[in-house]
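What follows is a set of notes on a single structure, which appears directly below.
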Amino acid sequence: MDDMNQFREMFFEEAQEHLETMETFLLDYDPESEPDIEALNSVFRAAHSIKGGSDIFGFKAMTGLTHVMENLLDSARNQELFLTSDLITVLLETIDLLKVILDNYHEDVEIDWDEVESGKTRLKSVLQEAKDTQQDATQEDDSVQDAVGEQTASDIEDEGFGFFEQEPEGSNSSDLEDEGFGFFEQETEDSKDSSLEDEGFGFFEQETEDSNSSDLEDEGFGFFETSSLDEETSEESQRYGFFHERLETDMASSSSDEQNKEAVHPSQDKQTSSTTPTTKLAPAKEDKTPIVKGKAAAESKPSESASIRVETVKIDKLVNLVGELVITQSMLNLIGSEAQESIAEKMQTALAELERNTREIQEAVMSVRMLPISFVFNRFPRLVRDLSNKLAKNIELVIEGGSTEIDKNLVEKISDPLTHLIRNSVDHGIEAPADRIAKGKPEKGTVKLIASQRGGEIVITVSDDGAGLNKERILNKALEKGISLPDPLTDEAIWLLIFAPGFSTAAEVTDVSGRGVGMDVVKRNIEALGGRVSIESNQNVGTTFEVRLPLTLAILDGMCVENANQVFVIPLVNIVESIQPLESQIKVMQNRQLLWVRDEYWPLINLEEALYGGLHPVNIGESIVVLVETAKRRYGLIVDGLLGQQQVVIKSLERHYRRVKGVAGATIMGDGSVALILDIESLVSSQSLELEEEVDHVILT
Amino acid sequence: MSSLPNNSGVHSVTREFLAFVLGDETYALDIMSVKEIRGYEPVTKIANAPNYIKGVINLRGDIVPIVDLRIKFGVGEPSYNEWTIVIMLNIKDRILGIVVDGVSDVMNFEEEDIKPAPEFGAAFDSRYLDGLAAVDDLMVIVVDIEALVSSEELGLFDTLDTV
């Protein structure tokens, strides 16, 4: 049983991955261009694997659904069917459904069979529909396929292009109805009379057998119209859009087939538009196949990544052990410094070696935890696609820096905030197409998602080229909601108001966003990760959210300081400078001490007071002041002394205790004792904040 | 398992308790929650913590809080010397240590040995008590340590603060 369970778990993991693969490929798939057979093969393989696996475990709902999906994909990769945008949407929906089913099986929840059946039906019906509409194409393909292979396109190019371009000009839809038959007659000279009235389309005879004639007329014409009139944007044209393109490029190549040739020539001579139907698909298919084959040969090997699957628990354990190792190593260092003279030198050399090795192991282990941020980013194209469909906006998502590596824990936790930010940009940032055109912007909006590493931080920006934040609306809303306004009222400060709880300026609450629950959660989540978020916005140019995150949650570069016989760690990123102040630099305002340095007044905070309360008079002359700053505040922290800079392994206080204000976590020092890591942001109380504002004021005057 | 007859299990369940001393009073807690017993060692003070939370220690890589119940409940004198004992508990997958004056014994009680406690008397709120048990002349106060430790009153866990 255990073995079986293990295999089941493996199946769930793999199926999840396969589904994601399928989603990625389908999202990348451009129905407008040449079908990417390699991509289709990947999607097909993924579906096939899921089908096989689910069958073994008796997950009938998955097997059934993937079977239909597989059929569709198989036709697509065999070029019997072209994936249109609509088809892709249905496929994506099916993938969603499969994910739900997979979860259900995983958690032993009852399967919603109605849902499964309707999913299957939907797939089948679109498959059928697509087949019907594309049938002529495929059938002709079949007939022509073999023949076409080798012929060079150039032979026929002249002919082909010739009539295609000339003819369409002449024909418009009315032509088609009246004269349209005319050209069919010409092409299919034999079938002329009879075909016209009854079956109409010489070439289509094949089709007509399957489908009834009334359909044919409508669709058939639609088809011709689109293929001949470039500009048509009707639904039909979309559906047949691809015939079009192919025609232009390929048409000529195909026709070693006699039938085709005949068709082409007569039409060309007579300069009637109608040849399209015959040449239409056959060539399209033909020229494609060779190309694809070449491609496939070149890229046939799917990139096999040399990797193994490891449980995260194991990695976490490794990280913990390395943490312990680092501590042991610094203990050894302490002992080594006391070594007797005779062995002192050898000892030092060995210890230095050990230190270097330890550091390398630590870095190597840490890098195991790092994942490319594309793990998060990859889900956003889908999000943007769905949202922009829903909102009837035309939006392109540009992703850069997906290979930037970030700690695994962060990857999981940053996903939600980023989703909110992107939704916000799509929903509120980018204007409706009409508005954009009115403003002289391109109709298509762009949302950019960019990740990069800067020093010890990962910077992720979400920017749109939309309307920008509306200052007036934000201020009004803040007043309405009773949110106190910042002082001074800088742009930056105003933008930050949108992170206030319950704030939402969307005139209308949509089901995409606008309930005002999002943004404050975004900020809180990001800050919980030790990150910061800032906003830049310009009217009608766009809005940029910048999220800064620490590279890893596990290790921190810190300055160890001593205060009241206890050791504390201050994150190095927060430290501006450490100084030993002179009496003359200390000023007093409202019984609070200020330090005059770097042409500014820095409020002084006594670490002992900030952490444990009470009053602790210190002799400034003997103390050290560490100047620290965060995105929001800057002050000087009074401590007894500096102990030195060190990389520390962050341990959570919350694991066995709870979150403590002013403390970001704890770490274990070389001697085995615990030191608290300070959270500079939350260390000072609101009272000290007020002081800070007054100080700003002082500086201004 | 249930198919096997188990006479002792049918009538009453015998549980093992660890007895410990706070001041002059003897308390007992379910031994299944005890991880280990160790001597008191210096702790690292934690900011913004009530006085009965002495601080945290490094328990083989885990940062673990130490609570002095003597301070919290005003029983006995909070003194720390070489005989001061810390009982490390493992409760709801969390570890914490409680400082006691001494550990006396392991005791076996059956359910009916534990009498309901009167509403007054013990320093502990009766919500955190399983009851009272008599061992010879000694009265043992049986503590529901899980309820006590996870109580809001002790403030050890982020119970309300769900963020």
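Each chain in the structure tokens gets a letter, A, B, ..., in the order shown, and its residues are numbered from 1; ligands are numbered from 1 in order too.
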For this session: Find the residues of chain B in contact range of chain A, meaning any atom within 10 Å when counting only C-alpha atoms, and list them as a PyMOL selection string.
Result: chain B and resi 42-50+55-66+90-96+155-159+161+163
Fewer than 4 positions away in the same chain doesn't count, so skip those; otherwise give me all residues within 7 Å of stretch 80-97 of chain A, counting only C-alpha atoms, as a short mmCIF file (atom, residue, chain, number, x, y, z; two decimals) with all heavy atoms, in the first residue's frame.
data_model
loop_
_atom_site.label_atom_id
_atom_site.label_comp_id
_atom_site.auth_asym_id
_atom_site.auth_seq_id
_atom_site.Cartn_x
_atom_site.Cartn_y
_atom_site.Cartn_z
N LEU A 19 0.37 19.46 -16.51
CA LEU A 19 -0.69 20.44 -16.76
C LEU A 19 -0.09 21.83 -16.93
O LEU A 19 -0.51 22.60 -17.79
CB LEU A 19 -1.69 20.43 -15.60
CG LEU A 19 -2.61 19.21 -15.57
CD1 LEU A 19 -3.48 19.23 -14.32
CD2 LEU A 19 -3.50 19.17 -16.80
N GLU A 23 -0.24 24.24 -20.18
CA GLU A 23 -0.73 25.61 -20.10
C GLU A 23 0.29 26.59 -20.70
O GLU A 23 -0.06 27.46 -21.48
CB GLU A 23 -1.02 25.96 -18.65
CG GLU A 23 -1.75 27.28 -18.51
CD GLU A 23 -2.24 27.50 -17.09
OE1 GLU A 23 -2.35 26.52 -16.32
OE2 GLU A 23 -2.53 28.65 -16.77
N LEU A 26 0.41 26.29 -24.49
CA LEU A 26 -0.80 26.79 -25.14
C LEU A 26 -0.85 28.31 -25.09
O LEU A 26 -1.31 28.96 -26.02
CB LEU A 26 -2.04 26.20 -24.47
CG LEU A 26 -2.28 24.74 -24.81
CD1 LEU A 26 -3.46 24.19 -24.02
CD2 LEU A 26 -2.56 24.58 -26.30
N PRO A 31 -1.95 31.35 -32.66
CA PRO A 31 -2.76 30.75 -33.72
C PRO A 31 -2.61 31.47 -35.06
O PRO A 31 -2.98 30.94 -36.09
CB PRO A 31 -4.19 30.86 -33.18
CG PRO A 31 -4.13 31.83 -32.09
CD PRO A 31 -2.73 31.93 -31.60
N SER A 75 -4.97 15.54 -33.69
CA SER A 75 -5.35 16.09 -35.00
C SER A 75 -4.56 17.34 -35.28
O SER A 75 -4.13 17.60 -36.40
CB SER A 75 -6.84 16.45 -35.01
OG SER A 75 -7.60 15.44 -34.45
N ALA A 76 -4.39 18.13 -34.22
CA ALA A 76 -3.68 19.39 -34.41
C ALA A 76 -2.23 19.16 -34.83
O ALA A 76 -1.73 19.79 -35.74
CB ALA A 76 -3.73 20.22 -33.13
N ILE A 101 -9.94 18.36 -10.93
CA ILE A 101 -10.14 16.92 -10.77
C ILE A 101 -8.93 16.30 -10.08
O ILE A 101 -9.06 15.47 -9.18
CB ILE A 101 -10.35 16.25 -12.15
CG1 ILE A 101 -11.62 16.81 -12.80
CG2 ILE A 101 -10.47 14.75 -12.00
CD1 ILE A 101 -11.84 16.33 -14.20
N GLY A 119 -17.49 19.03 -19.49
CA GLY A 119 -16.19 19.39 -20.03
C GLY A 119 -15.88 18.58 -21.27
O GLY A 119 -15.42 19.08 -22.30
N LEU A 123 -15.52 19.85 -25.14
CA LEU A 123 -14.35 19.56 -25.96
C LEU A 123 -14.74 18.89 -27.27
O LEU A 123 -14.31 19.27 -28.35
CB LEU A 123 -13.41 18.63 -25.20
CG LEU A 123 -12.17 19.23 -24.55
CD1 LEU A 123 -11.31 18.11 -24.00
CD2 LEU A 123 -11.37 20.03 -25.57
N LYS A 131 -13.60 20.63 -36.79
CA LYS A 131 -13.36 19.71 -37.87
C LYS A 131 -14.26 20.02 -39.06
O LYS A 131 -13.83 20.02 -40.20
CB LYS A 131 -13.60 18.27 -37.41
CG LYS A 131 -12.36 17.68 -36.78
CD LYS A 131 -12.43 16.18 -36.75
CE LYS A 131 -11.08 15.60 -36.37
NZ LYS A 131 -11.21 14.31 -35.68
N GLN A 134 -13.18 23.08 -40.82
CA GLN A 134 -11.88 23.01 -41.46
C GLN A 134 -11.77 21.82 -42.40
O GLN A 134 -10.72 21.57 -42.97
CB GLN A 134 -10.79 22.90 -40.38
CG GLN A 134 -10.78 24.13 -39.51
CD GLN A 134 -9.73 24.02 -38.43
OE1 GLN A 134 -8.96 23.10 -38.42
NE2 GLN A 134 -9.72 24.97 -37.53
N THR A 138 -8.74 19.98 -44.59
CA THR A 138 -8.03 18.76 -44.28
C THR A 138 -8.20 17.73 -45.37
O THR A 138 -7.26 17.04 -45.74
CB THR A 138 -8.52 18.19 -42.95
OG1 THR A 138 -9.93 18.15 -42.99
CG2 THR A 138 -8.03 19.02 -41.81
#
Problem set entry | Close residues, A:Lys444 itself excluded, 8 Å, only C-alpha atoms, min 5 positions apart in chain, as a PyMOL selection string | chain A and resi 393-396+433
Exercise. What's the 7 Å shell around A:Gly402, counting only C-alpha atoms, without same-chain residues fewer than 5 positions away, as a count of residues only?
Worked result: 5
Exercise. Contacts of B:Val67 at 7 Å or less, counting only C-alpha atoms, minus same-chain residues fewer than 5 places along, as a list in words?
Worked result: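 These residues fall inside the cut-off: Tyr52, Ile53, Lys54, Gly97, Ile98 and Val99 of chain B.
Rounded to one decimal, atom CA of B:Gly131 and atom CA of B:Leu29 lie 10.9 Å from each other.
Going from atom CA of A:Gly641 to atom CA of A:Gln348 covers 26.6 Å.
As for atom CA of A:Cys560 and atom CA of A:Leu643, they are spaced 5.2 Å apart.
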Exercise. Could you name the residues that touch A:Ile474 at 8 Å or less, counting only C-alpha atoms, but leaving out those on the same chain fewer than 5 positions away, as a VMD selection string?
Worked result: chain A and resid 469 494 to 495 497 to 498 505
For this session: Select from stretch 53-111 of chain B everything DSSP, run on the backbone, classes as alpha helix (DSSP H), then give the selection as a list in words.
Result: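 Going through stretch 53-111 of chain B, the alpha helix (DSSP H) residues come out as Leu69, Arg70, Ile71, Lys72 and Phe73 of chain B.
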Just the residues within 10 Å of B:Tyr80, please, counting only C-alpha atoms, with nothing from its chain fewer than 4 positions along; format it as a compact mmCIF listing (two decimals) with C-alpha atoms, in the first residue's frame.
# COMPACT_ATOMS: atom_id res chain seq x y z
CA GLY B 39 18.98 22.70 34.22
CA TYR B 40 18.33 26.41 33.99
CA GLU B 41 20.75 28.27 31.76
CA PRO B 42 21.05 31.95 30.93
CA THR B 84 16.59 25.35 39.16
CA ILE B 85 14.92 23.04 36.67
CA VAL B 99 10.90 26.99 35.00
CA VAL B 100 10.03 25.09 38.17
CA ASP B 101 11.60 24.76 41.61
Exercise. Mind checking DSSP for stretch 516-701 of chain A and telling me the strand (DSSP E) residues as a ChimeraX atom specification?
Worked result: /A:532-538,542-550,555-563,566-571,575-579,586-589,592-597,600-606,624-629,634-639,641-649,663-668,674-678
